[in-house]
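**Q** Hey, dropping data-v5.cif in here, mmCIF, C-alpha atoms:
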```cif
data_run
#
loop_
_atom_site.label_atom_id
_atom_site.label_comp_id
_atom_site.auth_asym_id
_atom_site.auth_seq_id
_atom_site.Cartn_x
_atom_site.Cartn_y
_atom_site.Cartn_z
CA MET H 333 124.89 85.20 -15.35
CA SER H 334 125.54 81.56 -14.73
CA LYS H 335 123.35 78.87 -16.28
CA SER H 336 121.22 76.77 -13.91
CA THR H 337 122.09 73.16 -13.90
CA ILE H 338 119.69 70.21 -13.37
CA SER H 339 121.16 67.32 -11.57
CA PRO H 340 120.52 63.77 -12.70
CA ALA H 341 118.55 63.21 -9.51
CA ASP H 342 116.20 66.10 -10.35
CA GLU H 343 115.67 64.70 -13.85
CA ILE H 344 114.81 61.30 -12.41
CA TRP H 345 112.31 62.77 -9.93
CA SER H 346 110.82 64.87 -12.73
CA LEU H 347 110.35 61.76 -14.86
CA ILE H 348 108.86 59.90 -11.91
CA ARG H 349 106.36 62.71 -11.25
CA GLU H 350 105.44 62.90 -14.94
CA THR H 351 105.02 59.15 -15.13
CA GLN H 352 102.86 59.22 -12.00
CA ARG H 353 100.64 61.95 -13.48
CA ASN H 354 100.30 59.93 -16.71
CA LEU H 355 99.40 56.80 -14.75
CA GLU H 356 96.79 58.68 -12.74
CA ARG H 357 95.35 60.14 -15.94
CA PHE H 358 95.31 56.78 -17.67
CA SER H 359 93.80 55.15 -14.56
CA ALA H 360 91.03 57.75 -14.40
CA GLU H 361 90.33 57.29 -18.11
CA ALA H 362 90.29 53.50 -17.72
CA GLU H 363 87.86 53.75 -14.80
CA LYS H 364 85.67 56.06 -16.84
CA ARG H 365 85.66 53.65 -19.79
CA GLN H 366 85.01 50.67 -17.49
CA ALA H 367 82.09 52.49 -15.90
CA GLU H 368 80.66 53.22 -19.36
CA ALA H 369 81.17 49.58 -20.40
CA ASP H 370 79.45 48.39 -17.22
CA ARG H 371 76.55 50.75 -17.86
CA ARG H 372 76.11 49.52 -21.42
CA LYS H 373 76.40 45.89 -20.30
CA ALA H 374 73.70 46.50 -17.68
CA GLU H 375 71.46 48.04 -20.36
CA ILE H 376 72.01 45.07 -22.70
CA ASP H 377 71.41 42.58 -19.86
CA GLN H 378 68.14 44.33 -19.05
CA ILE H 379 67.07 44.30 -22.69
CA ILE H 380 67.87 40.57 -22.92
CA LYS H 381 65.98 39.95 -19.68
CA ASP H 382 62.95 41.88 -20.93
CA LEU H 383 63.01 40.06 -24.27
CA SER H 384 63.36 36.72 -22.53
CA ALA H 385 60.39 37.47 -20.27
CA GLU H 386 58.32 38.63 -23.23
CA ASN H 387 59.33 35.59 -25.27
CA LYS H 388 58.38 33.32 -22.35
CA LYS H 389 54.95 34.94 -22.17
CA VAL H 390 54.48 34.51 -25.93
CA ASN H 391 55.55 30.85 -25.79
CA GLU H 392 53.25 30.17 -22.84
CA GLY H 393 50.39 31.81 -24.70
CA LEU H 394 51.08 29.78 -27.83
CA LYS H 395 51.36 26.59 -25.79
CA LYS H 396 48.04 27.22 -24.07
CA ALA H 397 46.38 28.07 -27.38
CA LYS H 398 47.79 24.92 -28.96
CA GLU H 399 46.68 22.75 -26.04
CA LEU H 400 43.21 24.27 -26.11
CA PHE H 401 42.96 23.76 -29.88
CA GLU H 402 44.19 20.18 -29.74
CA THR H 403 41.96 19.30 -26.80
CA GLN H 404 38.81 20.85 -28.23
CA TRP H 405 39.52 19.67 -31.78
CA GLY H 406 40.36 16.20 -30.54
CA LYS H 407 37.09 16.01 -28.62
CA LEU H 408 35.22 17.23 -31.69
CA MET H 409 36.86 14.61 -33.88
CA GLU H 410 36.22 11.79 -31.42
CA SER H 411 32.59 12.82 -30.96
CA LEU H 412 32.14 13.03 -34.72
CA VAL H 413 33.62 9.59 -35.30
CA GLU H 414 31.79 8.05 -32.36
CA GLY H 415 28.51 9.49 -33.67
CA ASP H 416 28.70 7.56 -36.95
CA LEU H 417 30.95 4.76 -35.75
CA VAL H 418 28.16 2.39 -34.76
CA LYS H 419 26.43 2.80 -38.11
CA VAL H 420 29.65 2.40 -40.07
CA LEU H 421 30.70 -0.76 -38.24
CA ASN H 422 27.21 -2.25 -38.29
CA GLU H 423 27.29 -1.95 -42.07
CA ARG H 424 30.47 -4.06 -42.01
CA GLY H 425 28.83 -6.78 -39.93
CA ILE H 426 30.15 -5.75 -36.51
CA ASP H 427 27.24 -5.49 -34.10
CA VAL H 428 28.34 -2.67 -31.79
CA LYS H 429 26.70 -2.71 -28.36
CA HIS H 430 28.90 -0.18 -26.56
CA THR H 431 31.56 2.45 -27.15
CA TYR H 432 34.19 3.80 -24.78
CA MET H 433 36.33 6.91 -25.28
CA ASN H 434 39.74 8.00 -24.01
CA ILE H 435 40.82 4.85 -22.24
CA LYS H 436 44.00 5.78 -20.37
CA ARG H 437 46.09 3.46 -18.23
CA GLU H 438 49.49 3.46 -16.60
CA HIS H 439 51.33 0.35 -15.42
CA GLY H 440 54.84 1.30 -14.33
CA GLU H 441 56.59 2.68 -17.40
CA ASP H 442 53.88 1.39 -19.74
CA ARG H 443 51.60 4.36 -20.40
CA TYR H 444 48.99 4.13 -23.11
CA GLU H 445 45.77 5.63 -24.42
CA TYR H 446 43.11 4.36 -26.82
CA ASP H 447 40.82 7.00 -28.31
CA ILE H 448 37.71 4.89 -28.95
CA VAL H 449 36.83 1.24 -28.35
CA ALA H 450 33.58 -0.02 -29.89
CA GLY H 451 32.33 -3.56 -29.62
CA ASN H 452 30.18 -6.27 -28.12
CA GLY H 453 30.80 -9.34 -26.03
CA ASP H 454 32.82 -11.07 -28.74
CA GLU H 455 34.40 -8.35 -30.89
CA ALA H 456 35.97 -4.94 -30.39
CA VAL H 457 37.26 -2.26 -32.76
CA VAL H 458 40.00 -0.01 -31.40
CA VAL H 459 39.99 3.39 -33.12
CA GLU H 460 42.86 5.88 -33.33
CA VAL H 461 41.66 9.42 -34.10
CA LYS H 462 43.90 11.99 -35.82
CA THR H 463 43.21 15.37 -37.36
CA THR H 464 46.03 14.73 -39.86
CA LEU H 465 46.94 11.09 -40.29
CA LYS H 466 50.57 10.20 -41.02
CA VAL H 467 52.29 6.88 -41.60
CA GLN H 468 54.26 7.20 -38.34
CA HIS H 469 50.98 7.58 -36.44
CA ILE H 470 49.79 4.28 -37.89
CA LYS H 471 53.01 2.47 -37.03
CA TYR H 472 52.80 3.68 -33.44
CA PHE H 473 49.13 2.72 -33.22
CA LEU H 474 49.83 -0.77 -34.54
CA GLU H 475 52.37 -1.36 -31.78
CA GLY H 476 49.77 -0.42 -29.19
CA LEU H 477 47.12 -2.46 -30.92
CA LYS H 478 49.22 -5.61 -30.68
CA LYS H 479 49.36 -5.12 -26.89
CA PHE H 480 45.69 -4.20 -26.49
CA SER H 481 44.43 -7.57 -25.19
CA ASP H 482 47.37 -7.92 -22.81
CA ARG H 483 46.92 -4.41 -21.47
CA LEU H 484 43.15 -4.69 -21.02
CA SER H 485 42.45 -8.14 -19.66
CA SER H 486 38.68 -7.87 -20.16
CA TYR H 487 39.31 -8.11 -23.92
CA ARG H 488 41.44 -11.24 -23.81
CA GLY H 489 40.05 -13.96 -26.01
CA LYS H 490 37.97 -11.44 -27.99
CA VAL H 491 38.32 -10.68 -31.70
CA ILE H 492 40.13 -7.34 -31.89
CA TYR H 493 40.12 -5.13 -35.00
CA GLY H 494 41.82 -1.80 -35.55
CA ALA H 495 40.70 1.41 -37.22
CA VAL H 496 42.08 4.88 -37.93
CA ALA H 497 39.87 7.93 -38.31
CA TYR H 498 41.02 11.27 -39.67
CA LEU H 499 40.03 14.60 -41.14
CA ARG H 500 43.08 14.88 -43.39
CA ALA H 501 45.79 12.38 -44.31
CA ASP H 502 49.15 12.25 -46.00
CA GLU H 503 48.82 10.76 -49.47
CA SER H 504 50.24 7.37 -48.53
CA ALA H 505 48.83 7.12 -44.99
CA SER H 506 45.32 5.87 -45.73
CA LYS H 507 46.62 3.29 -48.21
CA TYR H 508 49.22 2.13 -45.73
CA ALA H 509 46.57 1.77 -43.02
CA GLU H 510 44.40 -0.40 -45.26
CA ARG H 511 47.38 -2.59 -46.20
CA GLN H 512 47.93 -3.18 -42.47
CA GLY H 513 44.37 -4.51 -42.16
CA LEU H 514 42.85 -1.45 -40.49
CA PHE H 515 39.45 0.04 -41.07
CA VAL H 516 39.98 3.52 -42.52
CA ILE H 517 37.41 6.14 -41.53
CA LYS H 518 37.32 9.61 -43.07
CA ALA H 519 35.52 12.36 -41.19
CA THR H 520 33.79 15.19 -43.01
CA GLY H 521 31.91 18.23 -41.77
CA ASN H 522 29.13 16.32 -40.02
CA SER H 523 29.67 12.61 -40.60
CA ALA H 524 32.20 9.84 -41.02
CA TYR H 525 32.43 6.94 -43.46
CA LEU H 526 34.68 4.01 -44.36
CA ILE H 527 36.92 4.39 -47.39
CA ASN H 528 38.23 0.82 -47.49
CA LYS H 529 38.03 -0.85 -50.87
CA GLU H 530 35.24 -3.25 -51.75
CA GLY H 531 35.99 -6.71 -50.38
CA PHE H 532 38.35 -5.41 -47.68
CA LYS H 533 38.91 -7.90 -44.86
CA PRO H 534 40.13 -6.45 -41.56
CA LYS H 535 43.05 -8.03 -39.74
CA VAL H 536 42.41 -9.65 -36.37
CA PHE H 537 44.84 -8.37 -33.72
CA SER H 538 43.76 -10.52 -30.76
#
```
In structure tokens, what does this structure look like?

**A**
Amino acid sequence: MSKSTISPADEIWSLIRETQRNLERFSAEAEKRQAEADRRKAEIDQIIKDLSAENKKVNEGLKKAKELFETQWGKLMESLVEGDLVKVLNERGIDVKHTYMNIKREHGEDRYEYDIVAGNGDEAVVVEVKTTLKVQHIKYFLEGLKKFSDRLSSYRGKVIYGAVAYLRADESASKYAERQGLFVIKATGNSAYLINKEGFKPKVFS
């Protein structure tokens, strides 16, 4: 019986068919893996999206809570200081006839706010109110205080004093404020009082 012979052409076609089958198998496996990768990516994207939405809600809630706290607490502080402010300043020889709160103005890029202004026809005390007083707050306030008479023309030519009022303060803040010539007012549970040293003379900022 004679042996069957395979021609070189048959071997080549056999290799081509085998290679084609392997490519088809590899292609199917690659598509399967890509589909699984796409599915996992979609799941991760959805998780990230859900977390982002939840985080946004939390941040919005915290922002609203903070704004509400700061607004209400700020009003409480200003009312507290204003309540005793006349008495405190009268004791220092400033005859207060009127008080104004939350003076806000905007002239082009110059935007400013003064928490409380107490005074009479000749003098005025500009008060900055803070729950926690820091040195940087005082420095910023002093810059605004220097511009007060220019910003509010009705106070030009008047004697202008400055004051800071607070519930809490950094250790050096109240001392720094006094060195700058400011009245320093500490608020407690139901009142406010000056803590300036005996013989303190306020600086005139007009």

**Q** Mind telling me what the PyMOL selection byres ((chain H and resi 516-531) around 12) catches here, as a count of residues only?

**A** 50

**Q** Box for stretch 456-462 of chain H - axis-aligned, 6 Å on each of the six sides, all listed atoms - centre and size in Å to one decimal, as JSON.

**A**
```
{"center_x": 39.9, "center_y": 3.5, "center_z": -33.1, "size_x": 19.9, "size_y": 28.9, "size_z": 17.4}
```

**Q** Using all atoms listed in the file, which protein or nucleic acid residues come within 8 Å of H:Asp454? Drop anything in the same chain fewer than 2 positions from it, and give the result as a short mmCIF file (atom, residue, chain, number, x, y, z; two decimals) with C-alpha atoms, keeping the file's coordinate frame.

**A**
```cif
data_model
loop_
_atom_site.label_atom_id
_atom_site.label_comp_id
_atom_site.auth_asym_id
_atom_site.auth_seq_id
_atom_site.Cartn_x
_atom_site.Cartn_y
_atom_site.Cartn_z
CA GLY H 451 32.33 -3.56 -29.62
CA ASN H 452 30.18 -6.27 -28.12
CA ALA H 456 35.97 -4.94 -30.39
CA LYS H 490 37.97 -11.44 -27.99
CA VAL H 491 38.32 -10.68 -31.70
#
```

**Q** Expressed in Å to a single decimal, how great is the separation between atom CA of H:Glu455 and atom CA of H:Gly476?

**A**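 Computing the Euclidean distance for atom CA of H:Glu455 and atom CA of H:Gly476 yields 17.4 Å.
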
**Q** Using the chain letters and residue numbers of this document, give as a ChimeraX atom specification the residues selected by the PyMOL selection byres ((chain H and resi 433) around 7).

**A** /H:431-432,434-435,447-449

**Q** Just give me the gap between atom CA of H:Glu350 and atom CA of H:Glu368 in Å, one decimal is fine.

**A**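 Calculated distance between atom CA of H:Glu350 and atom CA of H:Glu368 is 27.0 Å.
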